[in-house]
Amino acid sequence: MDLARGLDLLPAFQPPDREASVYEAIREDIISGRIPANARLIVADLAERHGTSTNPVREALQQLRGEGFVVMAPNRGARVRPIDEEFIRDVYEIEVLIEPALTRWFVGIATEADIAVLEALHAEMLRLNYSDPVRHGLLDTQFHHTMYERHYNRHALDLWWKHREILRAISRRLPISLGRQATVMRDHQDVLDAIKAQDADAAAAVIARHVEGSGRHIIEQMRAARRNNRNDKAG
């Protein structure tokens with residue numbers, strides 16, 4: 001199949017099914033920075049903001065607490081946990097465990113049609129060469145989703161999606177180095193080669209390296225941004 005034509009034939013990417021909720025809305029506000037780090041989360045105010053009763057907000061805050069986005073202290077209520085290096089480390093270390101397992105399973109069921117889709121996505125990302133970061137992000141997400149979407153463990157898939165959205169939302173606010181861009185595309189080619197060779201261990205190893213590299217790059221860019229802020233203030 002011609003790769004450009006193959007891309008045209010791809011279905012429009014849709015994220016895993018998920019019902020919109022107060023939890024989703026508050027979580028997105030935290031990830032995007034609309035609710036800043038250490039901000040107090042007042043149940044009544046959030047309920048009014050989202051046009052709901054207080055019970056769904058309380059349930060959402062408990063769920064967000066379990067995921068590490070919210071901290072609760074006696075007599076101080078709920079506050080937003082800073083999305084700092086430690087938070088990013090925790091997220092990507094979990095992803096390093098999940099994604100290789102999903103990838104290893106995919107190698108055992110991958111068809112020629114699956115490989116054609118992955119090759120088409122990879123070819124389009126190469127053609128764009130990061131000239132359109134938003135489209136690149138969608139293509140990159142579809143690349144990984146194509147490998148994971150049929151996995152029997154829906155809880156693992158849902159956890160992957162949640163963590164990917166966290167990392168993607170944060171990385172959108174940070175630059176990506178030319179070296180990291182090249183590494184991402186090389187990793188995609190390497191995992192494609194391993195899938196075509198039906199080498200599950202090699203494919204899983206590439207994905208582990210890929211995810212860890214993404215997490216480390218985000219942390220490096222966060223540090224660089226802090227240094228730049230300090231230099232700007234000093235100047």
# chains A, B, ... in the order shown; residues from 1 in each chain; ligands from 1
>>> residues_around(residues="Arg65 (chain A)", least_positions_apart="4", cutoff="10 Å", atoms="only C-alpha atoms", output="PDB file with N, CA, C and O atoms, in the first residue's frame")
ATOM      1  N   GLU A  59     -16.490  13.552  45.282  1.00  0.00           N
ATOM      2  CA  GLU A  59     -16.038  12.281  44.703  1.00  0.00           C
ATOM      3  C   GLU A  59     -14.868  12.513  43.751  1.00  0.00           C
ATOM      4  O   GLU A  59     -13.898  11.738  43.736  1.00  0.00           O
ATOM      5  N   ALA A  60     -14.943  13.591  42.961  1.00  0.00           N
ATOM      6  CA  ALA A  60     -13.864  13.906  42.018  1.00  0.00           C
ATOM      7  C   ALA A  60     -12.572  14.216  42.759  1.00  0.00           C
ATOM      8  O   ALA A  60     -11.487  13.756  42.369  1.00  0.00           O
ATOM      9  N   LEU A  61     -12.671  14.982  43.835  1.00  0.00           N
ATOM     10  CA  LEU A  61     -11.463  15.339  44.593  1.00  0.00           C
ATOM     11  C   LEU A  61     -10.831  14.110  45.241  1.00  0.00           C
ATOM     12  O   LEU A  61      -9.603  14.001  45.307  1.00  0.00           O
ATOM     13  N   PHE A  69      -3.050  14.177  42.143  1.00  0.00           N
ATOM     14  CA  PHE A  69      -3.214  15.568  41.713  1.00  0.00           C
ATOM     15  C   PHE A  69      -3.597  16.486  42.867  1.00  0.00           C
ATOM     16  O   PHE A  69      -3.370  17.694  42.797  1.00  0.00           O
ATOM     17  N   VAL A  70      -4.201  15.929  43.885  1.00  0.00           N
ATOM     18  CA  VAL A  70      -4.741  16.719  44.989  1.00  0.00           C
ATOM     19  C   VAL A  70      -4.174  16.182  46.294  1.00  0.00           C
ATOM     20  O   VAL A  70      -4.037  14.965  46.475  1.00  0.00           O
ATOM     21  N   VAL A  71      -3.830  17.097  47.204  1.00  0.00           N
ATOM     22  CA  VAL A  71      -3.408  16.707  48.550  1.00  0.00           C
ATOM     23  C   VAL A  71      -4.422  17.263  49.541  1.00  0.00           C
ATOM     24  O   VAL A  71      -4.974  18.355  49.338  1.00  0.00           O
ATOM     25  N   MET A  72      -4.685  16.488  50.583  1.00  0.00           N
ATOM     26  CA  MET A  72      -5.642  16.910  51.597  1.00  0.00           C
ATOM     27  C   MET A  72      -4.968  16.870  52.956  1.00  0.00           C
ATOM     28  O   MET A  72      -4.272  15.900  53.278  1.00  0.00           O
ATOM     29  N   ALA A  78      -8.553  20.667  50.672  1.00  0.00           N
ATOM     30  CA  ALA A  78      -7.866  20.112  49.493  1.00  0.00           C
ATOM     31  C   ALA A  78      -7.122  21.208  48.756  1.00  0.00           C
ATOM     32  O   ALA A  78      -7.620  22.325  48.599  1.00  0.00           O
ATOM     33  N   ARG A  79      -5.931  20.867  48.293  1.00  0.00           N
ATOM     34  CA  ARG A  79      -5.125  21.792  47.502  1.00  0.00           C
ATOM     35  C   ARG A  79      -4.540  21.061  46.307  1.00  0.00           C
ATOM     36  O   ARG A  79      -4.380  19.837  46.323  1.00  0.00           O
ATOM     37  N   VAL A  80      -4.188  21.831  45.280  1.00  0.00           N
ATOM     38  CA  VAL A  80      -3.588  21.267  44.076  1.00  0.00           C
ATOM     39  C   VAL A  80      -2.130  20.934  44.355  1.00  0.00           C
ATOM     40  O   VAL A  80      -1.369  21.787  44.813  1.00  0.00           O
ATOM     41  N   ARG A  81      -1.757  19.695  44.056  1.00  0.00           N
ATOM     42  CA  ARG A  81      -0.346  19.325  44.194  1.00  0.00           C
ATOM     43  C   ARG A  81       0.439  19.906  43.021  1.00  0.00           C
ATOM     44  O   ARG A  81      -0.014  19.830  41.867  1.00  0.00           O
TER      45      ARG A  81
END
>>> residues_around(residues="region 83-92 of chain A", least_positions_apart="2", cutoff="6 Å", atoms="only C-alpha atoms", output="list in words")
Ile94, Glu95, Gly215 and Ile219 of chain A
>>> write_last_selection(atoms="N, CA and C atoms", output="short mmCIF file (atom, residue, chain, number, x, y, z; two decimals), in the first residue's frame")
data_model
loop_
_atom_site.label_atom_id
_atom_site.label_comp_id
_atom_site.auth_asym_id
_atom_site.auth_seq_id
_atom_site.Cartn_x
_atom_site.Cartn_y
_atom_site.Cartn_z
N ILE A 94 5.52 4.62 35.98
CA ILE A 94 4.38 3.70 35.83
C ILE A 94 4.18 3.35 34.36
N GLU A 95 4.31 4.35 33.49
CA GLU A 95 4.15 4.10 32.06
C GLU A 95 5.22 3.14 31.53
N GLY A 215 9.83 11.02 29.45
CA GLY A 215 9.71 11.54 30.80
C GLY A 215 10.92 12.35 31.22
N ILE A 219 11.33 16.49 32.20
CA ILE A 219 11.99 16.98 33.42
C ILE A 219 13.15 17.92 33.08
#
>>> atom_distance(atom1="CA of Pro100 (chain A)", atom2="CA of Ala203 (chain A)")
7.6 Å
>>> residues_around(residues="His151 (chain A)", least_positions_apart="6", cutoff="9 Å", atoms="only C-alpha atoms", output="list of chain:residue names")
A:Leu102, A:Trp105, A:Phe106, A:Leu157
>>> write_last_selection(atoms="N, CA and C atoms", output="mmCIF file, in the first residue's frame")
data_model
loop_
_atom_site.group_PDB
_atom_site.id
_atom_site.type_symbol
_atom_site.label_atom_id
_atom_site.label_comp_id
_atom_site.auth_asym_id
_atom_site.auth_seq_id
_atom_site.Cartn_x
_atom_site.Cartn_y
_atom_site.Cartn_z
ATOM 1 N N LEU A 102 1.859 -3.808 27.121
ATOM 2 C CA LEU A 102 0.874 -3.662 26.054
ATOM 3 C C LEU A 102 1.505 -3.936 24.697
ATOM 4 N N TRP A 105 2.221 -7.712 24.000
ATOM 5 C CA TRP A 105 0.993 -8.417 23.618
ATOM 6 C C TRP A 105 0.625 -8.102 22.171
ATOM 7 N N PHE A 106 0.776 -6.845 21.779
ATOM 8 C CA PHE A 106 0.396 -6.439 20.421
ATOM 9 C C PHE A 106 1.211 -7.181 19.364
ATOM 10 N N LEU A 157 -5.305 -0.103 29.782
ATOM 11 C CA LEU A 157 -5.429 0.844 28.678
ATOM 12 C C LEU A 157 -5.886 2.210 29.180
#
>>> residues_around(residues="Val22 (chain A)", least_positions_apart="3", cutoff="10 Å", atoms="only C-alpha atoms", output="ChimeraX atom specification")
/A:19,25-28,46-47,50-52,56-61
>>> closest_residue(among="A:Ile176, A:Leu97, A:Ala113, A:Ala44", to="Ala224 (chain A)", atoms="only C-alpha atoms")
A:Ile176
>>> atom_distance(atom1="CA of Asp114 (chain A)", atom2="CA of Met147 (chain A)")
8.0 Å
>>> residues_around(residues="Leu174 (chain A)", least_positions_apart="5", cutoff="12 Å", atoms="only C-alpha atoms", output="PyMOL selection string")
chain A and resi 133+167-169+217-226
>>> write_last_selection(atoms="C-alpha atoms", output="PDB file, in the first residue's frame")
ATOM      1  CA  PRO A 133       3.275  20.165  16.702  1.00  0.00           C
ATOM      2  CA  LEU A 167       2.491  14.022  29.981  1.00  0.00           C
ATOM      3  CA  ARG A 168       1.139  15.373  26.689  1.00  0.00           C
ATOM      4  CA  ALA A 169      -0.588  18.326  28.359  1.00  0.00           C
ATOM      5  CA  HIS A 217      13.091  15.096  28.493  1.00  0.00           C
ATOM      6  CA  ILE A 218      10.083  16.753  30.140  1.00  0.00           C
ATOM      7  CA  ILE A 219      11.992  16.981  33.422  1.00  0.00           C
ATOM      8  CA  GLU A 220      15.046  18.433  31.648  1.00  0.00           C
ATOM      9  CA  GLN A 221      12.891  21.061  29.944  1.00  0.00           C
ATOM     10  CA  MET A 222      11.197  21.944  33.241  1.00  0.00           C
ATOM     11  CA  ARG A 223      14.629  22.500  34.789  1.00  0.00           C
ATOM     12  CA  ALA A 224      15.721  24.619  31.835  1.00  0.00           C
ATOM     13  CA  ALA A 225      12.560  26.724  32.127  1.00  0.00           C
ATOM     14  CA  ARG A 226      13.273  27.331  35.828  1.00  0.00           C
TER      15      ARG A 226
END
>>> select_by_dssp(residues="region 3-176 of chain A", states="helix (DSSP H, G or I)", output="MDAnalysis selection string")
chainID A and resid 3:8 22:32 43:49 54:67 85:109 112:128 133:148 154:171
>>> select_by_dssp(residues="region 26-89 of chain A", states="strand (DSSP E or B)", output="VMD selection string")
chain A and resid 40 to 41 70 to 73 77 to 80
>>> atom_distance(atom1="CA of Val184 (chain A)", atom2="CA of His122 (chain A)")
10.4 Å
>>> closest_residue(among="A:Ala234, A:Ala197, A:Val211, A:Met185", to="Ala110 (chain A)", atoms="only C-alpha atoms")
A:Ala197
>>> residues_around(residues="Ala204 (chain A)", least_positions_apart="3", cutoff="6 Å", atoms="only C-alpha atoms", output="PyMOL selection string")
chain A and resi 100+103-104+201+207
>>> closest_residue(among="A:Asn129, A:Ser21, A:Ser32, A:Gln189", to="Ile166 (chain A)", atoms="only C-alpha atoms")
A:Ser32
>>> closest_residue(among="A:His155, A:Glu165, A:Pro175, A:Asp193", to="Leu118 (chain A)", atoms="only C-alpha atoms")
A:Asp193
